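The structure under discussion appears below in the form of structure tokens.
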Amino acid sequence: MSVQAEGAAGAERIAPRDSLYGDAEKVSDDKHHGFGAGWWQTLQLAFQSIGVVYGDVGTSPLYVYSSTFPGGIRHPDDLLGVLSLILYTLVLLPMLKYVFIVLYANDNGDGGTFALYSLISRYAKIRMIPNQQAEDASVSNYSMEEPNSQMRRAQWVKHRLESSKAAKIALFTITILGTSMVMGDGTLTPAISVLSAVSGIREKAPNLTQSEVVWISVAILFLLFSVQRFGTDKVGYSFAPIISVWFIFIAGIGAYNLAAHDVTVLRAFNPKYIIDYFGRNGKEAWVSLGGVVLCITGTEAMFADLGHFNIRAIQLSFTFILFPSVALCYMGQASYLRKFPQDVGDTFYKSIPAAMFWPTFIVAIMAAIIASQAMLSGAFAILSKALSLGCFPRVKVVHTSKKYSGQVYIPEVNFLIGAASIIVTLAFQTTTNIGNAYGICVVTVFSITTHLMTVVMLLIWKKNIAFVVGFYVIFGLAEFLYLSSILSKFVEGGYLPFCFSLVLMALMATWHYVYVKRYWYELNRVVPAAELTALLARRNVQRVPGVGLLYSELVQGIPPVFPCLVDKIPSVHAVFVFMSIKNLPIPRVAPPERFIFRRVGPAEHRMFRCVARYGYTDQIEGTKEFSVFLIEGLKLFVHDEAAFSCQHTDNGGDNNNNDNDDARRVEQAAVAEEEKRFIDTEVERGVVYLMGEAEVAAAPGSSALKRIVVNYVYTFLRKNLSESHKALSIPKDQLLKIGITYEI
């Protein structure tokens with residue numbers, strides 16, 4: 001709890017940025033990713049991560065070869081070239097880039113595109129709404145480091161980012177593009193995983209048509225999205241044993257095929273076969289990269305789900321479980337295809353020994369569902385983080401796990417993704433067509449991570465320039481090759497994620513644009529706290545029993561909605577709190593640091609300001625719990641304020657002065673106790689929540705585009721998606737909305 005004197009009269013000092021604004025950013029580091037975990041705990045986490053992190057990349061063998069060779073295998077050695085590409089792609093991007101580099105760029109244990117943006121925003125003022133002040137030195141501290149060439153370069157990068165509006169917009173744009181692509185991934189992963197797994201049933205039921213397989217898949221998808229409200233925590237880490245069995249199966253089948261058919265495919269470890277493959281096939285080899293890249297789908301989940309585990313656990317499980325299992329599976333499939341190239345359209349199920357078919361088929365269905373579940377959970381978590389950026393309507397986020405903060409469910413988003421996934425399955429029919437769209441999501445997110453990581457290396461890590469250039473060139477070039485290949489299939493399904501992402505980006509950009517404009521509109525029209533007494537006297541405002549909480553985005557000054565309240569209803573509750581929910585660009589805020597209080601105006605007004613700080617993975621408490629914490633915090637503030645005042649009036653030395661100081665302390669303590677009893681009495685009389693219901697309109701003379709964006713698109717989103725009182729857990733019977741119009 002933070003207490004600070006604001007002047008002799010106790011009035012709040014108002015400036016364009018007051019001290020509360022800076023203090024609202026100050027929180028202690030709270031690292032939860034378990035870097036100090038013991039080996040036994042790390043091994044447990046490594047096992048648990050198998051089910052949560054690797055479902056998607058682990059089920060890729062279901063469709064990689066069929067997507068790479070849609071027209072069949074033309075030359076036997078093409079298999080060696082593709083196998084070599086698969087193996088070295090797995091080594092280069094997931095292992096070297098993510099497991100051993102990117103994972104270290106976590107934001108206090110949380111990963112993902114949004115976490116990288118939040119990390120950068122704490123070291124440079126890149127957000128459209130100012131979220132840092134001089135007091136933030138405790139978070140982004142350059143001054144404590146000795147100057148060196150890397151330091152000067154970091155300062156130059158920081159200056160360029162902060163002074164360039166184009167750079168700020170570019171970073172924000174690629175961040176919401178990454179978020180949009182992950183949402184697209186959440187739509188396509190269930191479609192391609194479930195459809196590819198279900199397709200195997202045609203091996204034992206050849207009379208089934210592709211259309212019937214599609215409808216079976218749709219039924220499974222409907223069930224999958226219907227149970228999202230229960231959350232992954234209800235089945236816990238039963239995922240890990242199932243995916244472990246899946247890895248044992250595919251590794252065993254791969255080893256069997258390798259021994260039974262053609263062990264010479266191990267020559268693919270020689271990268272010369274990649275060169276031969278491109279030399280023999282030219283443009284067609286380049287186009288086939290769009291199928292090869294599907295072997296690393298789900299890699300981003302290793303980074304995004306880091307908050308549930310730790311770096312060492314992910315490194316162990318990837319290196320010693322995932323990579324050997326899928327590598328053996330791909331080598332076994334290549335060995336099988338050397339003898340039976342005509343089966344490339346359904347390689348996985350064709351290569352399973354007859355005795356193992358049904359057990360493998362059942363586990364494949366379960367693994368596909370788990371892969372889909374993990375991707376959906378990741379999409380929900382990333383979008384919930386985007387809410388704190390102010391680029392999505394404040395919808396209700398349901399936390400489905402009391403143990404793991406990242407497991408969330410968003411009803412409206414679940415419905416939209418579920419409907420889109422089913423439509424995609426019905427429209428595209430085959431995994432090859434869906435794969436053309438799927439690859440674009442995967443590689444685009446990879447590329448965005450590479451660009452953000454480069455900024456992190458320059459600004460935060462301050463790495464040697466040669467290392468930074470090497471990272472950007474090697475991984476950027478590899479991802480560019482894959483992306484260029486996938487874009488060649490734009491008209492064959494690749495357009496889908498682009499259209500999806502453009503629509504979602506447009507909605508997010510619209511919401512953020514108006515959010516920022518509305519914030520600055522309110523900030524420029526705040527009522528100075530010094531004018532509070534005159535404001536209350538202007539209409540002879542009466543004080544009514546109870547506690548009033550007026551919600552506002554602002555943490556300084558009296559929001560413009562308050563004068564509207566006084567004009568329309570000339571009464572104010574006996575205890576009145578200007579309440580602000582502030583999202584900080586960090587994963588979580590420790591509960592003892594949740595609230596910061598200030599007194600607004602003279603003490604007899606009993607009006608306060610409170611800022612409740614939350615990280616982007618924190619859950620807002622329920623109504624009763626929140627009000628209890630708030631009132632206890634307010635009473636503690638009153639007590640500490642009295643103690644603080646006594647300390648600063650202590651004259652010391654003279655006995656008479658000491659007696660006077662003691663008397664003042666007793667008097668201050670008595671006044672504080674009386675005020676605390678008064679607060680308790682008013683709480684018993686009732687708590688009322690007040691919110692501004694702002695109608696935002698484009699100002700006269702605005703361009704046609706601005707009028708469309710503000711008056712129609714934003715208004716549609718606000719009316720159909722934004723439910724602030726639900727998101728803040730405010731009960732309807734205690735809510736009072738105040739209408740106000742903003743022209744921006």
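Identifiers in the structure tokens: chain A, B, ... in order shown; residue index from 1 per chain; ligand index from 1 in order shown.
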
- Report as a list of chain:residue names: the residues of stretch 669-710 of chain A with a DSSP assignment of strand (DSSP E or B), based on the backbone of this structure.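 DSSP-assigned strand (DSSP E or B) residues in stretch 669-710 of chain A: A:Val687, A:Val688, A:Tyr689, A:Leu690, A:Met691, A:Gly692, A:Glu693, A:Ala694, A:Glu695, A:Val696, A:Ala697.
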
- Message: At a cut-off of 7 Å, using only C-alpha atoms, what residues contact A:Gly739? Leave out same-chain residues fewer than 2 positions from it and give the result as JSON, numbers by chain.
- Response: {"A": [692, 693, 694, 737]}

- Item | Distance query A:Val182 at most 8 Å, only C-alpha atoms, self and fewer than 2 positions along chain excluded, as a PyMOL selection string | chain A and resi 178-180+184-186+379+441+445

- Option closest in space to A:Thr189, from A:Met375, A:Lys97, A:Leu636, A:Phe480 [counting only C-alpha atoms]: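 With only C-alpha atoms as the atom set, the closest residue is A:Met375.
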
- Contacts of A:Val443 within 12 Å, only C-alpha atoms, excl. fewer than 6 positions in-chain, as a VMD selection string: chain A and resid 93 to 94 178 181 to 182 185 289 to 300 436 to 437 449 to 450 475 to 487 497

Excluding A:Ala427 and residues on its chain fewer than 4 positions from it, collect all residues at most 12 Å away from it, counting only C-alpha atoms, and give them as an mmCIF file with C-alpha atoms, in the first residue's frame.
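Result went into result.cif, see below:
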```
data_model
loop_
_atom_site.group_PDB
_atom_site.id
_atom_site.type_symbol
_atom_site.label_atom_id
_atom_site.label_comp_id
_atom_site.auth_asym_id
_atom_site.auth_seq_id
_atom_site.Cartn_x
_atom_site.Cartn_y
_atom_site.Cartn_z
ATOM 1 C CA ALA A 191 -9.729 -28.071 -38.214
ATOM 2 C CA SER A 211 -17.756 -35.750 -47.070
ATOM 3 C CA VAL A 214 -15.716 -34.131 -42.753
ATOM 4 C CA TRP A 215 -19.073 -34.321 -40.947
ATOM 5 C CA VAL A 218 -17.428 -31.307 -37.516
ATOM 6 C CA ALA A 420 -14.962 -20.231 -38.099
ATOM 7 C CA SER A 421 -13.221 -23.587 -37.516
ATOM 8 C CA ILE A 422 -16.323 -25.562 -38.509
ATOM 9 C CA ILE A 423 -16.869 -23.380 -41.597
ATOM 10 C CA THR A 431 -5.939 -31.236 -44.880
ATOM 11 C CA ASN A 433 -6.097 -27.193 -48.601
ATOM 12 C CA ILE A 434 -6.252 -26.233 -44.919
ATOM 13 C CA GLY A 493 -6.316 -21.255 -49.347
ATOM 14 C CA LEU A 496 -7.945 -17.218 -45.588
#
```

If you take only C-alpha atoms and a cut-off of 12 Å, which residues of stretch 301-407 of chain A touch stretch 700-715 of chain A, and what are their nearest atom pairs and distances in Å to one decimal, in chain and number order, as CSV?
```
residue,atom,partner,partner_atom,distance
A:Cys391,CA,A:Tyr714,CA,11.4
A:Phe392,CA,A:Tyr714,CA,10.5
A:Pro393,CA,A:Tyr714,CA,9.4
```

Could you write out that same residue set with all heavy atoms as a PDB file, in the first residue's frame?
```
ATOM      1  N   CYS A 391      -6.778  -2.647 -26.913  1.00  0.00           N
ATOM      2  CA  CYS A 391      -7.031  -2.826 -28.347  1.00  0.00           C
ATOM      3  C   CYS A 391      -8.098  -3.885 -28.598  1.00  0.00           C
ATOM      4  O   CYS A 391      -8.169  -4.447 -29.693  1.00  0.00           O
ATOM      5  CB  CYS A 391      -5.740  -3.169 -29.085  1.00  0.00           C
ATOM      6  SG  CYS A 391      -4.924  -4.652 -28.538  1.00  0.00           S
ATOM      7  N   PHE A 392      -8.915  -4.154 -27.598  1.00  0.00           N
ATOM      8  CA  PHE A 392     -10.037  -5.072 -27.792  1.00  0.00           C
ATOM      9  C   PHE A 392     -11.102  -4.689 -26.769  1.00  0.00           C
ATOM     10  O   PHE A 392     -10.780  -4.262 -25.664  1.00  0.00           O
ATOM     11  CB  PHE A 392      -9.601  -6.527 -27.601  1.00  0.00           C
ATOM     12  CG  PHE A 392     -10.532  -7.524 -28.232  1.00  0.00           C
ATOM     13  CD1 PHE A 392     -10.478  -7.761 -29.601  1.00  0.00           C
ATOM     14  CD2 PHE A 392     -11.472  -8.201 -27.479  1.00  0.00           C
ATOM     15  CE1 PHE A 392     -11.343  -8.667 -30.198  1.00  0.00           C
ATOM     16  CE2 PHE A 392     -12.341  -9.104 -28.063  1.00  0.00           C
ATOM     17  CZ  PHE A 392     -12.270  -9.340 -29.433  1.00  0.00           C
ATOM     18  N   PRO A 393     -12.377  -4.807 -27.143  1.00  0.00           N
ATOM     19  CA  PRO A 393     -13.439  -4.458 -26.190  1.00  0.00           C
ATOM     20  C   PRO A 393     -13.286  -5.228 -24.885  1.00  0.00           C
ATOM     21  O   PRO A 393     -12.837  -6.377 -24.877  1.00  0.00           O
ATOM     22  CB  PRO A 393     -14.724  -4.879 -26.939  1.00  0.00           C
ATOM     23  CG  PRO A 393     -14.351  -4.811 -28.379  1.00  0.00           C
ATOM     24  CD  PRO A 393     -12.908  -5.215 -28.455  1.00  0.00           C
TER      25      PRO A 393
END
```

So which residues touch stretch 325-333 of chain A within 6 Å, counting only C-alpha atoms, skipping near sequence neighbours fewer than 3 positions away, as an mmCIF file with C-alpha atoms, in the first residue's frame?
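Written file, part-v9.cif:
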```cif
data_model
loop_
_atom_site.group_PDB
_atom_site.id
_atom_site.type_symbol
_atom_site.label_atom_id
_atom_site.label_comp_id
_atom_site.auth_asym_id
_atom_site.auth_seq_id
_atom_site.Cartn_x
_atom_site.Cartn_y
_atom_site.Cartn_z
ATOM 1 C CA PHE A 247 5.068 -40.003 -28.663
ATOM 2 C CA ILE A 250 4.937 -42.644 -33.224
ATOM 3 C CA ALA A 251 8.562 -43.240 -32.167
ATOM 4 C CA GLY A 254 8.934 -44.927 -36.875
ATOM 5 C CA ASN A 257 9.358 -48.753 -40.388
ATOM 6 C CA LEU A 258 12.986 -47.689 -40.428
ATOM 7 C CA LEU A 322 9.728 -34.342 -28.590
ATOM 8 C CA TYR A 336 8.012 -46.612 -45.770
#
```

- Residues flagged helix (DSSP H, G or I) by DSSP in stretch 578-741 of chain A, as a ChimeraX atom specification: /A:591-593,603-605,623-648,655-685,704-720,724-727,732-734

- Query: Just how far from atom CA of A:Ser60 is atom CA of A:Ser244, in Å to one decimal?
  - Reply: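 Pair atom CA of A:Ser244 / atom CA of A:Ser60 returns 15.0 Å.
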
- In Å, with one decimal, what is the gap from atom CA of A:Asp78 to atom CA of A:Phe323? 22.3 Å

- Task: Could you give me, as a ChimeraX atom specification, the residues within 12 Å of A:Leu383, counting only C-alpha atoms and dropping anything in the same chain fewer than 2 positions from it?
- Result: /A:112-115,175-184,186,304,376-381,385-397,406-410,412-414,504,508,616-617

- Note on the structure: Between atom CA of A:Glu667 and atom CA of A:Glu604 lies a distance of 15.7 Å

- Nearest to A:Ser351 by atom-to-atom distance, counting only C-alpha atoms, from A:Leu80, A:Arg202, A:Glu284, A:Ala260: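 Ranking A:Leu80, A:Arg202, A:Glu284, A:Ala260 by distance to A:Ser351, first place goes to A:Ala260.
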
- Using only C-alpha atoms, the residue out of A:Ala419, A:Ile558, A:Ile248, A:Val688 with shortest distance to A:Pro324 is A:Ile248
